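As provided, target_4.csv (CSV, C-alpha atoms) reads as follows.
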chain,number,residue,atom,x,y,z
Q,627,MET,CA,84.9,1.8,52.2
Q,628,GLY,CA,84.0,4.1,55.1
Q,629,LEU,CA,85.7,7.0,53.2
Q,630,PHE,CA,83.1,6.8,50.4
Q,631,ARG,CA,80.0,6.2,52.6
Q,632,ARG,CA,77.3,8.8,52.0
Q,633,PRO,CA,76.7,11.0,55.0
Q,634,GLU,CA,73.5,10.4,56.7
Q,635,MET,CA,70.9,13.2,56.4
Q,636,PRO,CA,69.7,14.6,59.7
Q,637,THR,CA,66.2,13.5,60.7
Q,638,PRO,CA,63.8,16.4,60.8
Q,639,ALA,CA,62.7,17.2,64.3
Q,640,GLU,CA,59.2,16.4,65.2
Q,641,PRO,CA,57.0,19.4,65.7
Q,642,GLY,CA,56.5,20.2,69.4
Q,643,LEU,CA,53.3,19.9,71.3
Q,644,TRP,CA,52.7,23.7,71.3
Q,645,SER,CA,53.4,24.2,67.6
Q,646,ARG,CA,50.7,22.0,66.1
Q,647,GLY,CA,47.0,21.5,66.3
Q,648,PHE,CA,45.4,22.7,69.5
Q,649,GLY,CA,48.8,23.6,71.0
Q,650,PHE,CA,49.3,26.2,68.2
Q,651,VAL,CA,45.8,27.6,68.8
Q,652,ALA,CA,46.4,27.7,72.6
Q,653,THR,CA,49.7,29.6,72.1
Q,654,ARG,CA,48.1,32.2,69.8
Q,655,SER,CA,45.1,32.6,72.1
Q,656,LEU,CA,47.4,33.2,75.1
Q,657,GLN,CA,49.3,35.8,73.1
Q,658,THR,CA,46.1,37.5,72.0
Q,659,LEU,CA,44.8,37.6,75.6
Q,660,ILE,CA,48.1,39.2,76.8
Q,661,VAL,CA,47.9,41.8,74.1
Q,662,LEU,CA,44.2,42.6,75.0
Q,663,ALA,CA,45.1,42.8,78.7
Q,664,LEU,CA,47.9,45.3,77.9
Q,665,VAL,CA,45.5,47.3,75.8
Q,666,ALA,CA,42.8,47.2,78.5
Q,667,VAL,CA,45.4,48.4,81.1
Q,668,GLY,CA,46.4,51.2,78.8
Q,669,VAL,CA,42.8,52.3,78.2
Q,670,PHE,CA,42.1,52.2,82.0
Q,671,VAL,CA,45.2,54.3,82.7
Q,672,ILE,CA,44.1,56.8,80.0
Q,673,THR,CA,40.6,57.1,81.4
Q,674,GLN,CA,41.9,57.6,84.9
Q,675,LEU,CA,44.3,60.3,83.7
Q,676,SER,CA,42.0,61.9,81.3
Q,677,LEU,CA,42.6,65.3,82.8
Q,678,VAL,CA,46.2,64.9,81.7
Q,679,PHE,CA,45.8,62.8,78.5
Q,680,ILE,CA,43.2,64.9,76.8
Q,681,PRO,CA,44.9,68.3,77.2
Q,682,VAL,CA,48.3,66.9,76.1
Q,683,THR,CA,46.7,65.2,73.1
Q,684,ILE,CA,44.9,68.4,72.1
Q,685,ALA,CA,48.1,70.4,72.5
Q,686,LEU,CA,49.9,67.9,70.3
Q,687,ILE,CA,47.3,68.1,67.6
Q,688,LEU,CA,47.3,71.9,67.6
Q,689,ALA,CA,51.1,72.1,67.6
Q,690,SER,CA,51.2,69.6,64.7
Q,691,ALA,CA,48.7,71.7,62.8
Q,692,ILE,CA,50.6,75.0,63.3
Q,693,HIS,CA,54.1,73.6,63.1
Q,694,PRO,CA,54.7,74.6,59.4
Q,695,LEU,CA,53.9,78.2,60.3
Q,696,VAL,CA,56.3,78.2,63.2
Q,697,ALA,CA,59.0,76.5,61.2
Q,698,LEU,CA,58.5,79.1,58.4
Q,699,MET,CA,58.9,82.0,60.8
Q,700,ARG,CA,62.1,80.5,62.2
Q,701,ARG,CA,63.6,79.9,58.7
Q,702,ARG,CA,62.9,83.6,58.0
Q,703,GLY,CA,65.2,84.5,60.9
Q,704,MET,CA,62.6,85.2,63.6
Q,705,PRO,CA,63.8,84.2,67.1
Q,706,SER,CA,62.3,80.9,68.3
Q,707,ILE,CA,60.6,82.4,71.4
Q,708,LEU,CA,59.0,85.2,69.4
Q,709,ALA,CA,57.7,82.7,66.8
Q,710,THR,CA,56.3,80.6,69.5
Q,711,TRP,CA,54.5,83.4,71.2
Q,712,ILE,CA,53.0,84.7,67.9
Q,713,ALA,CA,51.7,81.2,67.1
Q,714,LEU,CA,50.3,80.6,70.6
Q,715,ILE,CA,48.6,84.0,70.8
Q,716,GLY,CA,47.2,83.5,67.3
Q,717,ILE,CA,45.6,80.2,68.3
Q,718,LEU,CA,44.1,81.6,71.5
Q,719,ALA,CA,42.8,84.6,69.7
Q,720,VAL,CA,41.0,82.5,67.1
Q,721,LEU,CA,39.5,80.2,69.8
Q,722,GLY,CA,38.5,83.2,71.9
Q,723,GLY,CA,37.1,85.0,68.9
Q,724,VAL,CA,34.8,82.0,68.1
Q,725,VAL,CA,33.5,81.9,71.7
Q,726,TRP,CA,33.0,85.7,71.7
Q,727,ILE,CA,31.0,85.6,68.4
Q,728,ILE,CA,28.7,82.8,69.7
Q,729,VAL,CA,28.0,84.6,73.0
Q,730,LEU,CA,27.5,88.0,71.4
Q,731,THR,CA,25.1,86.7,68.7
Q,732,VAL,CA,23.1,84.5,71.1
Q,733,ARG,CA,22.7,87.4,73.5
Q,734,SER,CA,21.5,89.8,70.8
Q,735,GLN,CA,19.0,87.3,69.3
Q,736,TRP,CA,17.9,85.4,72.4
Q,737,ASP,CA,14.7,87.3,73.0
Q,738,ASP,CA,13.5,86.8,69.4
Q,739,LEU,CA,14.4,83.1,69.6
Q,740,VAL,CA,12.4,82.7,72.9
Q,741,ASP,CA,9.4,84.5,71.4
Q,742,SER,CA,9.6,82.3,68.2
Q,743,ALA,CA,10.0,79.2,70.3
Q,744,THR,CA,6.9,80.1,72.4
Q,745,ASP,CA,4.9,80.6,69.2
Q,746,GLY,CA,6.2,77.4,67.8
Q,747,ILE,CA,5.2,75.4,71.0
Q,748,ALA,CA,1.8,77.0,70.9
Q,749,GLN,CA,1.4,75.9,67.2
Q,750,VAL,CA,2.5,72.3,68.2
Q,751,THR,CA,0.0,72.3,71.1
Q,752,ASP,CA,-2.8,73.3,68.7
Q,753,TRP,CA,-1.8,70.7,66.3
Q,754,LEU,CA,-1.8,68.0,69.0
Q,755,GLY,CA,-5.4,69.0,69.7
Q,756,THR,CA,-6.4,68.0,66.2
Q,757,LEU,CA,-5.0,64.4,66.6
Q,758,PRO,CA,-7.6,61.5,66.7
Q,759,PHE,CA,-6.4,60.4,70.1
Q,760,ASP,CA,-6.5,62.3,73.4
Q,761,VAL,CA,-3.3,63.9,74.6
Q,762,GLY,CA,-5.0,66.1,77.2
Q,763,ALA,CA,-4.4,63.6,79.9
Q,764,ILE,CA,-1.1,65.3,80.6
Q,765,ASP,CA,-1.5,67.7,83.4
Q,766,LEU,CA,0.9,70.6,83.0
Q,767,ASP,CA,0.5,71.6,86.6
Q,768,ASP,CA,1.7,68.2,87.7
Q,769,VAL,CA,4.6,68.5,85.3
Q,770,TRP,CA,5.6,71.9,86.8
Q,771,ALA,CA,5.2,70.6,90.3
Q,772,SER,CA,7.5,67.6,89.5
Q,773,ALA,CA,10.0,70.0,88.0
Q,774,GLN,CA,9.9,72.1,91.2
Q,775,ASP,CA,10.4,69.1,93.4
Q,776,PHE,CA,13.4,68.0,91.4
Q,777,LEU,CA,14.9,71.5,91.6
Q,778,THR,CA,14.7,71.4,95.4
Q,779,SER,CA,15.8,67.8,95.8
Q,780,ALA,CA,19.1,66.4,96.9
Q,781,SER,CA,19.6,64.9,93.4
Q,782,PHE,CA,19.6,68.3,91.8
Q,783,GLY,CA,22.1,69.6,94.4
Q,784,GLN,CA,24.4,66.7,93.7
Q,785,GLY,CA,24.1,67.4,90.0
Q,786,ALA,CA,25.0,71.0,90.6
Q,787,LEU,CA,28.1,70.1,92.6
Q,788,ALA,CA,29.1,67.7,89.8
Q,789,GLY,CA,28.7,70.6,87.3
Q,790,VAL,CA,30.9,72.8,89.4
Q,791,SER,CA,33.5,70.0,89.6
Q,792,ALA,CA,33.3,69.5,85.8
Q,793,THR,CA,33.8,73.3,85.3
Q,794,ALA,CA,36.8,73.3,87.5
Q,795,SER,CA,38.3,70.3,85.7
Q,796,PHE,CA,37.6,72.0,82.3
Q,797,PHE,CA,39.5,75.2,83.3
Q,798,THR,CA,42.3,73.1,84.8
Q,799,GLY,CA,42.6,71.1,81.6
Q,800,LEU,CA,42.5,74.3,79.5
Q,801,ALA,CA,45.4,75.9,81.5
Q,802,LEU,CA,47.4,72.7,81.2
Q,803,MET,CA,46.7,72.5,77.5
Q,804,ILE,CA,47.9,76.1,77.0
Q,805,VAL,CA,51.2,75.5,78.9
Q,806,VAL,CA,51.9,72.2,77.1
Q,807,LEU,CA,51.1,73.7,73.8
Q,808,PHE,CA,53.6,76.5,74.4
Q,809,PHE,CA,56.4,74.0,75.1
Q,810,PHE,CA,55.4,71.8,72.2
Q,811,LEU,CA,55.6,74.8,69.9
Q,812,LYS,CA,58.9,76.0,71.4
Q,813,ASP,CA,60.8,72.7,72.0
Q,814,GLY,CA,58.8,70.0,70.3
Q,815,PRO,CA,61.7,68.4,68.3
Q,816,ARG,CA,64.0,68.6,71.3
Q,817,ILE,CA,61.5,67.0,73.6
Q,818,TRP,CA,61.0,64.1,71.1
Q,819,GLU,CA,64.8,63.7,70.7
Q,820,PHE,CA,65.1,63.5,74.5
Q,821,LEU,CA,62.4,60.7,74.6
Q,822,LEU,CA,64.4,58.8,71.9
Q,823,ARG,CA,67.6,58.6,73.9
Q,824,PRO,CA,67.1,55.0,74.9
Q,825,PHE,CA,66.8,53.9,71.2
Q,826,THR,CA,69.7,53.1,68.9
Q,827,GLY,CA,70.1,51.8,65.3
Q,828,GLU,CA,67.0,50.5,63.6
Q,829,SER,CA,64.8,51.2,66.7
Q,830,TYR,CA,65.9,54.8,66.7
Q,831,GLU,CA,65.1,55.2,63.0
Q,832,ARG,CA,61.7,53.6,63.4
Q,833,ALA,CA,60.9,55.9,66.3
Q,834,ARG,CA,62.0,58.9,64.2
Q,835,ARG,CA,59.6,57.7,61.4
Q,836,ILE,CA,56.8,57.3,63.9
Q,837,GLY,CA,57.3,60.8,65.3
Q,838,ASP,CA,57.4,62.4,61.9
Q,839,LYS,CA,54.4,60.5,60.7
Q,840,THR,CA,52.4,61.4,63.8
Q,841,VAL,CA,53.0,65.1,63.3
Q,842,ASP,CA,52.3,64.8,59.6
Q,843,VAL,CA,49.0,63.0,60.1
Q,844,PHE,CA,47.8,65.2,62.9
Q,845,GLY,CA,48.7,68.4,61.1
Q,846,GLY,CA,47.3,67.3,57.7
Q,847,TYR,CA,44.1,65.9,59.2
Q,848,ILE,CA,43.4,69.0,61.3
Q,849,ARG,CA,44.3,71.5,58.6
Q,850,GLY,CA,42.2,69.6,56.0
Q,851,THR,CA,39.3,69.2,58.3
Q,852,SER,CA,39.4,72.8,59.2
Q,853,ILE,CA,39.2,73.9,55.6
Q,854,VAL,CA,36.3,71.5,54.9
Q,855,ALA,CA,34.5,72.6,58.1
Q,856,ALA,CA,34.9,76.2,57.2
Q,857,ALA,CA,33.4,75.6,53.7
Q,858,ASP,CA,30.4,73.8,55.3
Q,859,ALA,CA,29.9,76.5,57.9
Q,860,LEU,CA,30.1,79.3,55.2
Q,861,GLY,CA,27.7,77.5,52.8
Q,862,ILE,CA,25.1,76.6,55.5
Q,863,GLY,CA,25.5,80.0,57.2
Q,864,ILE,CA,24.8,81.9,54.0
Q,865,GLY,CA,21.7,79.8,53.4
Q,866,LEU,CA,20.4,80.4,56.9
Q,867,ALA,CA,21.1,84.2,56.6
Q,868,ILE,CA,19.2,84.3,53.3
Q,869,LEU,CA,16.3,82.6,54.9
Q,870,GLN,CA,16.6,85.0,57.9
Q,871,ILE,CA,16.8,82.2,60.4
Q,872,PRO,CA,17.7,83.5,63.9
Q,873,LEU,CA,21.1,82.6,65.3
Q,874,ALA,CA,22.5,82.0,61.8
Q,875,VAL,CA,26.0,82.8,62.9
Q,876,PRO,CA,26.1,80.6,66.1
Q,877,LEU,CA,24.5,77.8,64.0
Q,878,ALA,CA,27.3,78.2,61.4
Q,879,VAL,CA,29.9,78.0,64.1
Q,880,ILE,CA,28.2,74.9,65.5
Q,881,VAL,CA,28.4,73.4,61.9
Q,882,PHE,CA,32.1,74.2,61.9
Q,883,LEU,CA,32.8,72.6,65.2
Q,884,THR,CA,30.7,69.5,64.6
Q,885,ALA,CA,32.4,68.9,61.3
Q,886,PHE,CA,35.4,67.6,63.3
Q,887,ILE,CA,33.2,64.6,64.2
Q,888,PRO,CA,33.1,62.6,60.9
Q,889,LEU,CA,29.9,61.0,59.6
Q,890,VAL,CA,27.6,62.2,62.4
Q,891,GLY,CA,28.7,65.7,63.1
Q,892,ALA,CA,27.3,67.4,60.0
Q,893,THR,CA,24.0,65.5,60.4
Q,894,ALA,CA,23.6,66.6,64.0
Q,895,ALA,CA,24.3,70.2,63.0
Q,896,GLY,CA,21.8,70.0,60.1
Q,897,ILE,CA,19.1,68.6,62.4
Q,898,LEU,CA,19.7,71.5,64.9
Q,899,ALA,CA,19.5,74.1,62.2
Q,900,ALA,CA,16.3,72.5,60.8
Q,901,LEU,CA,14.7,72.5,64.2
Q,902,VAL,CA,15.5,76.2,64.7
Q,903,ALA,CA,14.0,76.9,61.3
Q,904,LEU,CA,10.9,74.8,62.1
Q,905,VAL,CA,10.3,76.6,65.4
Q,906,THR,CA,10.8,80.1,64.0
Q,907,HIS,CA,9.7,79.9,60.3
Q,908,GLY,CA,7.6,76.8,59.9
Q,909,PRO,CA,8.0,73.5,58.1
Q,910,VAL,CA,8.7,74.9,54.6
Q,911,ALA,CA,11.7,76.8,55.9
Q,912,ALA,CA,12.9,73.7,57.8
Q,913,LEU,CA,12.7,71.6,54.6
Q,914,ILE,CA,14.6,74.3,52.7
Q,915,VAL,CA,17.3,74.2,55.4
Q,916,VAL,CA,17.5,70.4,55.2
Q,917,GLY,CA,18.0,70.8,51.4
Q,918,ILE,CA,20.8,73.3,51.9
Q,919,VAL,CA,22.6,71.1,54.4
Q,920,VAL,CA,22.3,68.1,52.1
Q,921,LEU,CA,23.5,70.1,49.1
Q,922,VAL,CA,26.5,71.6,50.9
Q,923,ASN,CA,27.5,68.2,52.3
Q,924,GLN,CA,27.4,66.6,48.9
Q,925,LEU,CA,29.4,69.3,47.3
Q,926,GLU,CA,32.0,69.1,50.1
Q,927,GLY,CA,32.2,65.3,50.0
Q,928,ASN,CA,32.4,65.0,46.3
Q,929,PHE,CA,34.6,68.0,45.3
Q,930,LEU,CA,36.3,69.7,48.2
Q,931,GLN,CA,37.3,66.9,50.5
Q,932,PRO,CA,39.1,64.7,47.9
Q,933,VAL,CA,41.3,67.7,47.0
Q,934,VAL,CA,41.9,69.1,50.5
Q,935,MET,CA,42.4,65.7,52.2
Q,936,ALA,CA,44.3,64.0,49.4
Q,937,ARG,CA,47.5,64.1,51.4
Q,938,SER,CA,46.0,63.0,54.6
Q,939,LEU,CA,45.3,59.4,55.5
Q,940,LYS,CA,41.9,58.2,54.7
Q,941,LEU,CA,40.2,55.6,56.8
Q,942,HIS,CA,37.4,53.2,55.8
Q,943,ALA,CA,33.9,54.4,57.0
Q,944,LEU,CA,33.6,51.3,59.1
Q,945,VAL,CA,36.9,52.1,60.9
Q,946,ILE,CA,35.7,55.7,61.5
Q,947,LEU,CA,32.3,54.4,62.9
Q,948,LEU,CA,34.0,52.0,65.3
Q,949,ALA,CA,36.5,54.6,66.4
Q,950,LEU,CA,33.7,57.1,67.0
Q,951,THR,CA,31.8,54.6,69.0
Q,952,ALA,CA,34.7,53.6,71.2
Q,953,GLY,CA,35.8,57.3,71.6
Q,954,THR,CA,32.3,58.4,72.6
Q,955,ILE,CA,32.0,55.6,75.2
Q,956,LEU,CA,35.4,56.3,76.7
Q,957,GLY,CA,35.6,60.1,76.5
Q,958,GLY,CA,32.2,61.5,75.5
Q,959,ILE,CA,32.2,64.4,73.0
Q,960,VAL,CA,36.0,64.9,73.4
Q,961,GLY,CA,36.6,61.3,72.8
Q,962,ALA,CA,34.5,61.4,69.6
Q,963,VAL,CA,36.5,64.3,68.3
Q,964,LEU,CA,39.9,62.8,69.1
Q,965,SER,CA,39.1,59.2,68.2
Q,966,VAL,CA,39.4,59.6,64.4
Q,967,PRO,CA,42.7,61.4,64.3
Q,968,LEU,CA,44.1,58.9,66.8
Q,969,ALA,CA,43.0,56.1,64.6
Q,970,ALA,CA,44.6,57.8,61.6
Q,971,VAL,CA,47.8,58.1,63.5
Q,972,ALA,CA,47.7,54.4,64.5
Q,973,TRP,CA,47.3,53.4,60.9
Q,974,GLY,CA,50.0,55.9,59.8
Q,975,ILE,CA,52.5,54.3,62.3
Q,976,ILE,CA,51.7,50.9,60.8
Q,977,THR,CA,52.4,52.1,57.3
Q,978,VAL,CA,56.0,53.3,58.2
Q,979,TRP,CA,56.9,50.6,60.7
Q,980,ASP,CA,59.5,48.9,58.6
Q,981,GLY,CA,60.5,51.8,56.4
Q,982,PRO,CA,59.4,55.2,55.0
Q,983,HIS,CA,57.1,53.4,52.5
Q,984,THR,CA,57.1,49.9,54.0
Q,985,PRO,CA,54.2,48.9,56.3
Q,986,ALA,CA,54.6,46.3,59.1
Q,987,ARG,CA,54.9,42.8,57.7
Q,988,PRO,CA,51.4,41.5,58.6
Q,989,PHE,CA,49.8,44.5,56.9
Q,990,ARG,CA,51.7,44.4,53.6
Q,991,LYS,CA,49.7,43.6,50.5
Q,992,LYS,CA,50.6,40.1,49.4
Q,993,ARG,CA,48.2,39.4,46.6
Q,994,SER,CA,45.6,41.1,44.4
Q,995,GLU,CA,42.8,42.2,46.6
Q,996,THR,CA,40.3,43.3,43.9
Q,997,VAL,CA,36.9,41.6,44.0
Now, as a test, write the supplied structure out as structure tokens.
Amino acid sequence: MGLFRRPEMPTPAEPGLWSRGFGFVATRSLQTLIVLALVAVGVFVITQLSLVFIPVTIALILASAIHPLVALMRRRGMPSILATWIALIGILAVLGGVVWIIVLTVRSQWDDLVDSATDGIAQVTDWLGTLPFDVGAIDLDDVWASAQDFLTSASFGQGALAGVSATASFFTGLALMIVVLFFFLKDGPRIWEFLLRPFTGESYERARRIGDKTVDVFGGYIRGTSIVAAADALGIGIGLAILQIPLAVPLAVIVFLTAFIPLVGATAAGILAALVALVTHGPVAALIVVGIVVLVNQLEGNFLQPVVMARSLKLHALVILLALTAGTILGGIVGAVLSVPLAAVAWGIITVWDGPHTPARPFRKKRSETV
């Protein structure tokens, strides 16, 4: 009869202590703490090596943006080194031209701006005298004496030394960025292939996808943002020129530069332009400038940006706001500029983690998410 006995089914194993209830929560909590600790260490290292990290990141972004032009010149038969030099000199010429225009325009209109500002301050002072409460308790002589004491104090000397150190760090980072940018333009693909030597099989393919996606996101984001920023600067600059606002060209350049800081950049530039108009031409001109800024931003956001940025990754406004806040805390203005493209690259890496069009498993859409 033993030949016909039914085999006994194996008894399912009891779940372990660490895979149920509080044990499961404890395991996941420990894993989360380890991940957060690694992220904190990474952020600490980046902040300590900001003089290296920031120039290298800026060089990578610029190289990604201009890579299609360099690749086109090489496909047309131009030697690699010549294409690299043309691209590098072109970038430096554009950046240098922007700085030159700002300095030249400010120098030519500085006296007029100072006179207008003096008149504007006098008007504000007269207006303060009409208020129902007394503001004359402020002694301007005491304020000037305090300012002189500060200028001759040790604190001011320490601040000046800090400014000299910051200037030296800026030029050091600028030189490093130019050198790194040259090698990224010349040997970028070969450098990436060298870094991928430890990987094989699926890990190698994933790393290749990550590299391609990073270049695509950086390049598309910067090229699209540059077009949008140029449109904003042109529209607002023309409006300022029609109103004959002093420093219209530098203000337009500031609009262009601040457009690389999403959400808050355009607002800050508009406030600055309105303040200049208020000081030089009065409240009516300032209100007109505010209207021009709002109109240009609405046209750009509703018509131009969806077309230009269609191929670039879009991030939710909340993600952009959090990235801007974290970037500003960690890196100041430079951190605010770099935070959004870095966040876009991080999301781009997630979207190609398991395949060219297959996101990482936790981020795949598993159900209808419409509400």
Worksheet item: So how many Å separate atom CA of Q:Val651 and atom CA of Q:Ile976, to one decimal?
Response: 25.3 Å
Go through stretch 643-685 of chain Q and flag each residue having an atom no more than 10 Å from stretch 944-957 of chain Q; for those, report the closest pair of atoms plus their distance in Å to one decimal, using all atoms listed in the file, ordered by chain and rising number, as a tab-separated table.
residue	atom	partner	partner_atom	distance
Q:Val669	CA	Q:Leu956	CA	8.5
Q:Phe670	CA	Q:Leu956	CA	9.5
Q:Ile672	CA	Q:Leu956	CA	9.3
Q:Thr673	CA	Q:Leu956	CA	7.1
Q:Ser676	CA	Q:Gly957	CA	8.2
Q:Ile680	CA	Q:Gly957	CA	9.0
Go ahead and dump the residues you just picked, C-alpha atoms, as a PDB file, in the frame of the given file.
ATOM      1  CA  VAL Q 669      42.800  52.300  78.200  1.00  0.00           C
ATOM      2  CA  PHE Q 670      42.100  52.200  82.000  1.00  0.00           C
ATOM      3  CA  ILE Q 672      44.100  56.800  80.000  1.00  0.00           C
ATOM      4  CA  THR Q 673      40.600  57.100  81.400  1.00  0.00           C
ATOM      5  CA  SER Q 676      42.000  61.900  81.300  1.00  0.00           C
ATOM      6  CA  ILE Q 680      43.200  64.900  76.800  1.00  0.00           C
TER       7      ILE Q 680
END
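Minimum atom-to-atom distances from Q:Ile836, Q:Val671, Q:Ile871, Q:Ile684 to Q:Ala900 were compared using only C-alpha atoms, and the lowest value belongs to Q:Ile871.
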Fill in: From Q:Val915, Q:Leu662, Q:Val678, Q:Ala903, residue lying nearest Q:Ser795 [all atoms listed in the file]
Q:Val678
Worksheet item: Taking all atoms listed in the file into account, which of Q:Gly649, Q:Thr826, Q:Gly896, Q:Glu831 comes nearest Q:Asp858?
Response: Q:Gly896
